[in-house]
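Colleague: Just one file: query25.txt, with compact mmCIF, C-alpha atoms.
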# COMPACT_ATOMS: atom_id res chain seq x y z
CA MET A 1 110.27 107.89 56.83
CA LYS A 2 110.56 104.65 58.72
CA LYS A 3 112.45 106.41 61.45
CA ASN A 4 109.69 108.98 61.76
CA ILE A 5 107.05 106.33 62.18
CA LEU A 6 109.16 104.61 64.77
CA PHE A 7 109.58 107.84 66.64
CA ILE A 8 105.84 108.52 66.63
CA LEU A 9 105.21 104.98 67.82
CA MET A 10 107.71 105.46 70.61
CA LEU A 11 106.01 108.65 71.73
CA PHE A 12 102.73 106.79 71.71
CA PHE A 13 104.07 104.08 73.99
CA VAL A 14 105.63 106.54 76.37
CA GLY A 15 102.30 108.34 76.57
CA CYS A 16 100.58 105.08 77.38
CA ALA A 17 102.63 104.24 80.46
CA SER A 18 100.13 102.53 82.73
CA LYS A 19 98.92 104.27 85.85
CA PRO A 20 99.68 102.61 89.17
CA LEU A 21 96.88 100.60 90.76
CA TYR A 22 97.33 102.13 94.19
CA ASN A 23 98.38 105.26 96.04
CA TRP A 24 101.67 104.71 97.83
CA GLU A 25 102.84 107.05 100.53
CA ASP A 26 105.91 108.80 99.11
CA ASN A 27 108.37 107.36 101.59
CA HIS A 28 106.63 104.08 102.37
CA LEU A 29 109.03 102.00 100.28
CA SER A 30 112.25 103.80 101.20
CA ASN A 31 111.30 103.82 104.90
CA LEU A 32 110.58 100.13 104.71
CA TYR A 33 113.94 99.65 103.01
CA TYR A 34 115.68 101.18 106.04
CA THR A 35 113.44 99.35 108.47
CA LEU A 36 114.44 96.01 106.96
CA GLN A 37 118.09 96.98 107.36
CA ASP A 38 117.61 97.51 111.08
CA GLU A 39 118.35 101.19 111.05
CA PRO A 40 118.07 102.78 114.50
CA SER A 41 114.41 103.52 115.05
CA ASN A 42 114.63 107.01 116.50
CA LYS A 43 112.46 108.49 113.76
CA VAL A 44 109.55 106.13 114.23
CA SER A 45 107.19 108.81 115.53
CA ASN A 46 107.91 110.99 112.48
CA LYS A 47 107.11 108.10 110.18
CA ILE A 48 103.89 107.42 112.06
CA SER A 49 102.64 110.96 111.64
CA THR A 50 103.55 111.06 107.92
CA ILE A 51 101.76 107.80 107.14
CA GLN A 52 98.86 108.73 109.40
CA SER A 53 98.23 111.95 107.50
CA PHE A 54 98.63 110.14 104.16
CA VAL A 55 96.07 107.55 105.22
CA LEU A 56 93.66 110.26 106.35
CA LYS A 57 93.99 112.07 103.06
CA CYS A 58 93.35 108.90 101.04
CA GLU A 59 90.36 107.99 103.20
CA ASN A 60 88.84 111.44 102.77
CA GLU A 61 89.40 111.48 99.04
CA ARG A 62 88.40 107.82 98.73
CA ARG A 63 91.61 106.94 96.96
CA LYS A 64 92.90 103.40 96.86
CA ILE A 65 95.45 102.92 99.61
CA ALA A 66 98.33 100.61 98.73
CA PRO A 67 98.31 97.17 100.32
CA THR A 68 100.46 96.83 103.48
CA THR A 69 100.16 100.57 104.26
CA TYR A 70 97.93 99.99 107.29
CA ALA A 71 99.99 96.98 108.31
CA TYR A 72 103.21 99.01 108.18
CA LEU A 73 101.57 101.76 110.22
CA GLY A 74 100.50 99.12 112.73
CA PHE A 75 104.04 97.78 112.82
CA LEU A 76 105.38 101.26 113.62
CA TYR A 77 102.81 101.69 116.40
CA LEU A 78 103.96 98.37 117.87
CA LYS A 79 107.51 99.72 117.84
CA VAL A 80 106.49 102.57 120.13
CA GLY A 81 104.40 100.27 122.30
CA ASP A 82 100.98 101.52 121.19
CA THR A 83 99.18 98.19 120.82
CA ALA A 84 95.70 99.71 120.61
CA ASN A 85 96.54 101.82 117.56
CA ALA A 86 98.55 98.97 116.05
CA PHE A 87 95.58 96.62 116.26
CA ARG A 88 93.21 99.28 114.94
CA ASN A 89 95.34 99.54 111.81
CA PHE A 90 95.70 95.78 111.48
CA LYS A 91 91.91 95.58 111.43
CA LYS A 92 91.75 98.14 108.63
CA GLU A 93 94.31 96.16 106.63
CA LYS A 94 92.27 92.99 107.13
CA LYS A 95 89.10 94.70 105.99
CA LEU A 96 90.75 96.11 102.86
CA PHE A 97 92.75 92.97 102.07
CA PRO A 98 91.21 89.85 103.66
CA GLN A 99 94.24 87.83 102.51
CA SER A 100 96.14 89.37 105.44
CA SER A 101 93.64 88.14 108.05
CA HIS A 102 95.27 84.82 108.85
CA PHE A 103 98.69 86.32 109.61
CA LEU A 104 97.43 89.46 111.35
CA ASN A 105 95.08 87.41 113.55
CA PHE A 106 98.06 85.26 114.48
CA LEU A 107 100.03 88.38 115.46
CA MET A 108 97.18 89.89 117.42
CA LYS A 109 96.59 86.68 119.35
CA LYS A 110 100.27 86.58 120.18
CA GLY A 111 100.26 90.27 121.11
CA VAL A 112 97.34 89.88 123.48
CA LYS A 113 99.10 87.01 125.27
CA LYS A 114 102.15 89.19 125.82
CA MET B 1 117.44 79.43 40.84
CA LYS B 2 115.84 76.50 42.57
CA ILE B 3 118.76 76.25 44.91
CA ILE B 4 118.56 79.88 45.78
CA ARG B 5 114.87 79.55 46.51
CA PHE B 6 115.52 76.51 48.64
CA VAL B 7 118.18 78.31 50.61
CA LEU B 8 115.91 81.29 51.07
CA ILE B 9 113.06 79.16 52.38
CA GLU B 10 115.48 77.36 54.63
CA ILE B 11 116.72 80.60 56.09
CA LEU B 12 113.18 81.81 56.63
CA ALA B 13 112.18 78.58 58.27
CA LEU B 14 115.22 78.49 60.50
CA SER B 15 114.82 82.06 61.59
CA CYS B 16 111.16 81.53 62.38
CA ILE B 17 111.72 78.58 64.67
CA ALA B 18 113.37 81.03 66.98
CA CYS B 19 111.00 83.87 66.14
CA VAL B 20 109.20 83.74 69.43
CA THR B 21 110.36 83.07 72.95
CA LYS B 22 109.69 79.60 74.30
CA PRO B 23 106.50 79.94 76.34
CA LEU B 24 106.14 78.91 79.96
CA ASN B 25 103.96 76.05 81.05
CA TYR B 26 101.24 77.72 83.13
CA THR B 27 99.37 74.52 84.05
CA ASN B 28 100.29 74.64 87.75
CA PHE B 29 99.65 78.35 87.92
CA ILE B 30 96.18 78.02 86.40
CA GLN B 31 95.28 75.32 88.92
CA SER B 32 96.61 77.27 91.87
CA ASP B 33 95.44 80.82 90.97
CA PRO B 34 97.34 82.42 93.87
CA ILE B 35 96.18 85.73 95.35
CA SER B 36 98.39 86.17 98.41
CA ILE B 37 102.16 85.88 98.26
CA LEU B 38 104.79 85.63 100.95
CA ILE B 39 108.12 87.11 99.88
CA MET B 40 110.85 85.13 101.59
CA PRO B 41 114.05 86.90 102.58
CA PRO B 42 116.31 86.37 99.55
CA ILE B 43 119.39 84.18 99.59
CA ASN B 44 122.18 86.66 98.98
CA LYS B 45 125.12 85.43 96.92
CA SER B 46 126.23 88.96 96.05
CA ASN B 47 128.58 90.84 98.32
CA ASN B 48 126.16 93.73 98.80
CA ILE B 49 124.53 93.54 102.23
CA LYS B 50 121.73 95.91 101.24
CA ALA B 51 120.61 93.71 98.34
CA PRO B 52 118.00 91.58 100.17
CA ALA B 53 116.14 94.56 101.66
CA SER B 54 116.23 96.44 98.38
CA ILE B 55 114.92 93.50 96.37
CA MET B 56 112.22 92.64 98.92
CA VAL B 57 110.80 96.16 99.09
CA ASN B 58 110.81 96.67 95.33
CA THR B 59 109.25 93.25 94.85
CA LEU B 60 106.48 94.26 97.25
CA TYR B 61 105.73 97.20 94.99
CA ALA B 62 105.91 95.28 91.72
CA LEU B 63 103.77 92.34 92.87
CA SER B 64 101.16 94.59 94.47
CA GLU B 65 100.85 96.62 91.30
CA GLN B 66 100.62 93.37 89.35
CA GLY B 67 97.47 92.57 91.33
CA TYR B 68 98.66 90.34 94.18
CA TYR B 69 98.44 90.76 97.93
CA VAL B 70 101.91 90.62 99.43
CA LEU B 71 102.18 90.00 103.14
CA PRO B 72 103.64 93.05 104.94
CA PRO B 73 107.45 92.57 104.88
CA SER B 74 107.96 94.60 108.07
CA LEU B 75 105.83 92.21 110.14
CA VAL B 76 107.02 89.13 108.27
CA MET B 77 110.70 89.91 108.92
CA GLU B 78 109.93 90.72 112.56
CA THR B 79 108.28 87.33 112.95
CA PHE B 80 111.25 85.57 111.36
CA LYS B 81 113.68 87.45 113.59
CA GLU B 82 111.74 86.56 116.74
CA ASN B 83 112.23 82.96 115.72
CA GLY B 84 115.96 83.32 115.21
CA ILE B 85 115.85 83.48 111.43
CA VAL B 86 117.92 86.34 110.10
CA ASP B 87 118.76 85.48 106.50
CA GLY B 88 117.50 83.88 103.35
CA SER B 89 119.38 80.62 103.54
CA GLN B 90 117.99 79.90 107.02
CA ALA B 91 114.51 80.90 105.89
CA SER B 92 114.68 78.67 102.83
CA GLU B 93 114.84 75.62 105.10
CA ILE B 94 111.51 76.31 106.81
CA PRO B 95 108.97 73.68 105.71
CA LEU B 96 106.09 75.01 103.60
CA LYS B 97 103.52 73.66 106.04
CA LYS B 98 104.94 75.82 108.79
CA LEU B 99 104.88 78.90 106.54
CA ARG B 100 101.30 78.18 105.59
CA ASP B 101 100.27 77.75 109.24
CA ILE B 102 101.72 81.10 110.27
CA PHE B 103 101.19 83.26 107.20
CA GLY B 104 98.18 81.62 105.55
CA VAL B 105 99.34 82.43 102.03
CA ASP B 106 98.56 80.85 98.68
CA ALA B 107 102.10 81.07 97.34
CA VAL B 108 105.67 81.64 98.49
CA LEU B 109 108.28 83.54 96.50
CA TYR B 110 111.89 82.40 96.82
CA THR B 111 114.61 84.69 95.50
CA THR B 112 118.31 84.02 95.05
CA ILE B 113 120.43 87.09 94.38
CA GLN B 114 123.39 86.21 92.19
CA GLU B 115 124.75 89.69 91.64
CA TYR B 116 123.60 93.11 92.78
CA GLY B 117 124.69 96.72 92.70
CA GLN B 118 126.70 99.34 90.96
CA LYS B 119 129.67 98.33 88.88
CA PHE B 120 132.06 100.93 87.56
CA MET B 121 133.54 100.35 84.17
CA LEU B 122 135.95 102.31 82.10
CA PHE B 123 133.43 104.57 80.39
CA ASP B 124 130.29 103.85 82.26
CA SER B 125 128.70 102.56 85.40
CA VAL B 126 126.07 99.87 85.37
CA HIS B 127 123.48 98.76 87.87
CA ILE B 128 123.18 94.99 88.08
CA VAL B 129 120.30 92.94 89.38
CA SER B 130 120.83 89.28 88.70
CA VAL B 131 118.33 86.98 90.37
CA ASN B 132 116.53 83.65 90.17
CA VAL B 133 112.96 83.75 91.39
CA ASN B 134 110.63 80.82 92.06
CA LEU B 135 106.97 81.18 92.94
CA VAL B 136 105.83 78.03 94.72
CA ASP B 137 102.34 76.89 95.73
CA ALA B 138 102.19 76.97 99.52
CA SER B 139 99.98 73.88 99.75
CA THR B 140 101.39 71.55 97.13
CA GLY B 141 104.96 72.84 96.77
CA LYS B 142 104.51 72.91 93.00
CA LEU B 143 106.43 75.48 90.99
CA LEU B 144 103.93 78.03 89.68
CA TRP B 145 106.18 80.47 87.86
CA ASN B 146 109.87 81.18 87.68
CA ARG B 147 112.33 83.45 86.01
CA ILE B 148 116.08 83.79 85.75
CA ALA B 149 116.84 87.44 85.13
CA ASP B 150 120.21 89.05 84.56
CA ILE B 151 119.43 92.74 84.31
CA ARG B 152 122.10 95.35 83.72
CA PHE B 153 121.54 98.91 82.80
CA SER B 154 123.66 101.95 82.33
CA THR B 155 123.40 104.58 85.04
CA THR B 156 125.22 107.28 83.13
CA SER B 157 123.24 109.33 80.66
CA GLY B 158 125.46 109.36 77.57
CA THR B 159 124.78 106.12 75.79
CA ASN B 160 126.86 106.67 72.70
CA ASP B 161 130.25 105.53 73.79
CA ALA B 162 131.74 102.26 72.79
CA ALA B 163 131.58 100.58 76.16
CA VAL B 164 127.86 101.11 76.46
CA LYS B 165 127.24 99.86 72.96
CA LEU B 166 129.21 96.78 73.74
CA LEU B 167 127.15 96.29 76.86
CA ALA B 168 123.92 96.71 74.94
CA ALA B 169 124.96 93.90 72.69
CA THR B 170 125.01 91.39 75.49
CA THR B 171 122.54 92.63 78.06
CA ALA B 172 119.65 94.91 78.66
CA GLN B 173 120.64 98.50 78.73
CA ILE B 174 118.58 101.55 79.43
CA THR B 175 119.29 104.87 81.01
CA ALA B 176 118.12 105.19 84.56
CA LYS B 177 115.60 107.93 85.09
CA SER B 178 116.87 109.56 88.20
CA GLY B 179 119.63 109.80 90.71
CA ASN B 180 122.31 107.38 91.55
CA ASP B 181 120.44 105.53 94.19
CA GLU B 182 120.75 101.76 93.99
CA PHE B 183 117.45 101.27 95.72
CA GLU B 184 115.50 103.45 93.29
CA GLN B 185 117.26 101.89 90.32
CA THR B 186 116.33 98.43 91.50
CA ARG B 187 112.69 99.40 90.94
CA ILE B 188 113.32 99.28 87.19
CA ALA B 189 114.73 95.78 87.51
CA THR B 190 111.84 94.45 89.60
CA ASP B 191 109.47 95.98 87.05
CA TYR B 192 111.22 93.95 84.37
CA ILE B 193 111.02 90.81 86.46
CA TYR B 194 107.45 90.90 87.73
CA THR B 195 105.41 93.13 85.43
CA ASP B 196 104.77 92.60 81.73
CA TYR B 197 108.34 92.65 80.48
CA GLU B 198 110.21 89.89 78.74
CA TRP B 199 113.76 89.68 77.48
CA ASN B 200 113.65 89.95 73.71
CA PRO B 201 116.60 87.93 72.36
CA PHE B 202 116.24 89.45 68.90
CA GLU B 203 116.21 93.07 69.88
CA LEU B 204 118.48 92.33 72.82
CA LYS B 205 116.45 94.26 75.29
CA TRP B 206 113.68 93.96 77.86
CA THR B 207 110.44 94.66 76.09
CA LYS B 208 107.03 95.50 77.48
CA TYR B 209 104.20 93.31 76.24
CA LYS B 210 100.56 94.16 76.41
CA ASN B 211 98.74 90.95 75.71
CA ASP B 212 101.23 88.55 74.27
CA CYS B 213 103.94 87.98 76.82
CA ARG B 214 104.97 84.34 76.79
CA THR B 215 106.85 84.02 80.06
CA CYS B 216 105.51 86.83 82.27
CA LEU B 217 103.84 86.49 85.64
CA PRO B 218 100.09 86.72 84.89
CA HIS B 219 98.14 89.52 86.57
CA GLY B 220 96.59 88.81 89.97
CA LYS B 221 93.02 89.22 91.12
CA TYR B 222 93.32 92.87 92.18
CA SER B 223 94.43 93.90 88.70
CA PRO B 224 91.94 95.05 86.05
CA ASP B 225 93.84 92.70 83.72
CA TYR B 226 93.29 89.64 85.92
CA TRP B 227 94.65 86.62 84.02
CA LYS B 228 91.37 84.68 84.26
CA LYS B 229 89.89 87.03 81.70
CA ARG B 230 92.35 85.50 79.26
CA ALA B 231 92.65 82.00 80.64
CA GLY B 232 92.48 80.56 77.12
CA TYR B 233 95.70 82.33 76.17
CA TYR B 234 97.63 80.83 79.09
CA LYS B 235 96.22 77.38 78.35
CA GLN B 236 97.33 77.75 74.74
CA LEU B 237 100.87 78.74 75.81
CA SER B 238 101.04 75.76 78.15
CA LYS B 239 99.98 73.42 75.35
CA GLU B 240 102.64 74.89 73.10
CA ARG B 241 105.29 74.40 75.74
CA ILE B 242 104.30 70.82 76.43
CA GLU B 243 104.57 70.12 72.67
CA ILE B 244 108.02 71.74 72.53
CA ASP B 245 109.22 69.69 75.49
CA LYS B 246 107.95 66.50 73.82
CA GLU B 247 109.78 67.38 70.59
CA GLU B 248 112.99 68.05 72.45
CA LYS B 249 112.81 64.72 74.27
CA LYS B 250 112.78 62.90 70.95
What do you get writing this file as structure tokens?
Modeller:
Amino acid sequence: MKKNILFILMLFFVGCASKPLYNWEDNHLSNLYYTLQDEPSNKVSNKISTIQSFVLKCENERRKIAPTTYAYLGFLYLKVGDTANAFRNFKKEKKLFPQSSHFLNFLMKKGVKK
Amino acid sequence: MKIIRFVLIEILALSCIACVTKPLNYTNFIQSDPISILIMPPINKSNNIKAPASIMVNTLYALSEQGYYVLPPSLVMETFKENGIVDGSQASEIPLKKLRDIFGVDAVLYTTIQEYGQKFMLFDSVHIVSVNVNLVDASTGKLLWNRIADIRFSTTSGTNDAAVKLLAATTAQITAKSGNDEFEQTRIATDYIYTDYEWNPFELKWTKYKNDCRTCLPHGKYSPDYWKKRAGYYKQLSKERIEIDKEEKK
């Protein structure tokens, strides 16, 4: 009897697994994992188009985009030398998460000087 | 009879002193109420060179879902690299003021990796994530929250053999959901560290708490369970801890 109750309780808790706060692009985290390990960046343009279409989809469906998604997209644009698109995404990140403003402003100021 | 009763009460009393985990003192955390966090590149004492990247990325996920804003690791690491800083021990020497000037964060998270990765045993393989984490106020340098976590879990599905049972007796042990990928498995560990889990010394496993975790990182502002909604609870825990510390000093 006790075991049964325990089992039912367990099922209950499994069913209650909390939903994530944000929508994360499927490969955002694993791509970032390779980026931080300095993998050769030949696939940058692929990554850009994947994240770009993810972002578009979330914007259209008004779903919550995970923090740092725009910033990572901006980072990838910088890698291919597209400062305009990089900055456009930094601005979106700042708007969504004002806590990033200080650092992103610092980067943009530096970028403009270059 | 009396003796038996006395012994019984004694046993009850003794067992109940240790009934609950010693709470954390949240006083500094309550004062600071951090929203943005800079994850520093971890100091890696393991011999796995992929450990820092794996821990950083999974920490980004866990802390974001816990309601904090984490500064984008891609851009943060790029900035460090441009300034000649390539690993955690170099980064740990940067003065807080400098970090605050560049990154403008409320808090800085320092991680030391003691052990990381897959270990193959006779009957089983385990994934190990053993870390010390310290969340520090970027303005005052005060320690806001910390945890020492030694997480080991079985990565093979059969959990009935002797070796696994033995393992379960000393450390956390669960069966990984998918694959054999160290990076994906680390997600479970960072969940244990940063979301509402606490090591339960009586059940000998990491346990998820809903409202009564005594050492967990409180939820940040972006979470629907923002800690301020239950500020009284954290104040109560802090009081308890201060009392315990006083008792122990005597």
Colleague: Using all atoms listed in the file, determine which residues lie at most 8 Å from B:Leu24, disregarding the query and same-chain residues fewer than 5 positions distant; provide the list as a PyMOL selection string.
Modeller: chain B and resi 214-215+237-238+241
Colleague: When distances are computed from all atoms listed in the file, which of B:Ser54, B:Ser89, B:Asn134, B:Ser36 shows the smallest separation from B:Tyr194?
Modeller: B:Asn134
Colleague: Identify all chain A residues at most 10 Å from chain B by counting all atoms listed in the file; ligands do not count. Present them as a PDB file with C-alpha atoms, in the coordinates of the input.
Modeller:
ATOM      1  CA  PHE A  13     104.070 104.080  73.990  1.00  0.00           C
ATOM      2  CA  LYS A  19      98.920 104.270  85.850  1.00  0.00           C
ATOM      3  CA  PRO A  20      99.680 102.610  89.170  1.00  0.00           C
ATOM      4  CA  LEU A  21      96.880 100.600  90.760  1.00  0.00           C
ATOM      5  CA  TYR A  22      97.330 102.130  94.190  1.00  0.00           C
ATOM      6  CA  TRP A  24     101.670 104.710  97.830  1.00  0.00           C
ATOM      7  CA  HIS A  28     106.630 104.080 102.370  1.00  0.00           C
ATOM      8  CA  LEU A  29     109.030 102.000 100.280  1.00  0.00           C
ATOM      9  CA  SER A  30     112.250 103.800 101.200  1.00  0.00           C
ATOM     10  CA  ASN A  31     111.300 103.820 104.900  1.00  0.00           C
ATOM     11  CA  LEU A  32     110.580 100.130 104.710  1.00  0.00           C
ATOM     12  CA  TYR A  33     113.940  99.650 103.010  1.00  0.00           C
ATOM     13  CA  TYR A  34     115.680 101.180 106.040  1.00  0.00           C
ATOM     14  CA  THR A  35     113.440  99.350 108.470  1.00  0.00           C
ATOM     15  CA  LEU A  36     114.440  96.010 106.960  1.00  0.00           C
ATOM     16  CA  GLN A  37     118.090  96.980 107.360  1.00  0.00           C
ATOM     17  CA  ASP A  38     117.610  97.510 111.080  1.00  0.00           C
ATOM     18  CA  ALA A  66      98.330 100.610  98.730  1.00  0.00           C
ATOM     19  CA  PRO A  67      98.310  97.170 100.320  1.00  0.00           C
ATOM     20  CA  THR A  68     100.460  96.830 103.480  1.00  0.00           C
ATOM     21  CA  THR A  69     100.160 100.570 104.260  1.00  0.00           C
ATOM     22  CA  TYR A  70      97.930  99.990 107.290  1.00  0.00           C
ATOM     23  CA  ALA A  71      99.990  96.980 108.310  1.00  0.00           C
ATOM     24  CA  TYR A  72     103.210  99.010 108.180  1.00  0.00           C
ATOM     25  CA  LEU A  73     101.570 101.760 110.220  1.00  0.00           C
ATOM     26  CA  GLY A  74     100.500  99.120 112.730  1.00  0.00           C
ATOM     27  CA  PHE A  75     104.040  97.780 112.820  1.00  0.00           C
ATOM     28  CA  LEU A  76     105.380 101.260 113.620  1.00  0.00           C
ATOM     29  CA  GLU A  93      94.310  96.160 106.630  1.00  0.00           C
ATOM     30  CA  PHE A  97      92.750  92.970 102.070  1.00  0.00           C
ATOM     31  CA  PRO A  98      91.210  89.850 103.660  1.00  0.00           C
ATOM     32  CA  GLN A  99      94.240  87.830 102.510  1.00  0.00           C
ATOM     33  CA  SER A 100      96.140  89.370 105.440  1.00  0.00           C
ATOM     34  CA  SER A 101      93.640  88.140 108.050  1.00  0.00           C
ATOM     35  CA  HIS A 102      95.270  84.820 108.850  1.00  0.00           C
ATOM     36  CA  PHE A 103      98.690  86.320 109.610  1.00  0.00           C
ATOM     37  CA  LEU A 104      97.430  89.460 111.350  1.00  0.00           C
ATOM     38  CA  ASN A 105      95.080  87.410 113.550  1.00  0.00           C
ATOM     39  CA  PHE A 106      98.060  85.260 114.480  1.00  0.00           C
ATOM     40  CA  LEU A 107     100.030  88.380 115.460  1.00  0.00           C
TER      41      LEU A 107
END
Colleague: In Å, how far is it from atom CA of A:Val80 to atom CA of A:Leu56?
Modeller: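 One can read the atom CA of A:Val80 to atom CA of A:Leu56 distance as 20.3 Å.
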Colleague: Could you name the residues that touch A:Gly81 at 12 Å or less, counting only C-alpha atoms, but leaving out those on the same chain fewer than 6 positions away, as a list in words?
Modeller: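 Within the cut-off, the hits are Val44, Ser45, Gly74, Phe75, Phe87, Gly111 and Lys114 of chain A.
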Colleague: Could you work out how far atom CA of B:Ile244 lies from atom CA of B:Trp199, giving the answer in Å with one decimal?
Modeller: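 One can read the atom CA of B:Trp199 to atom CA of B:Ile244 distance as 19.5 Å.
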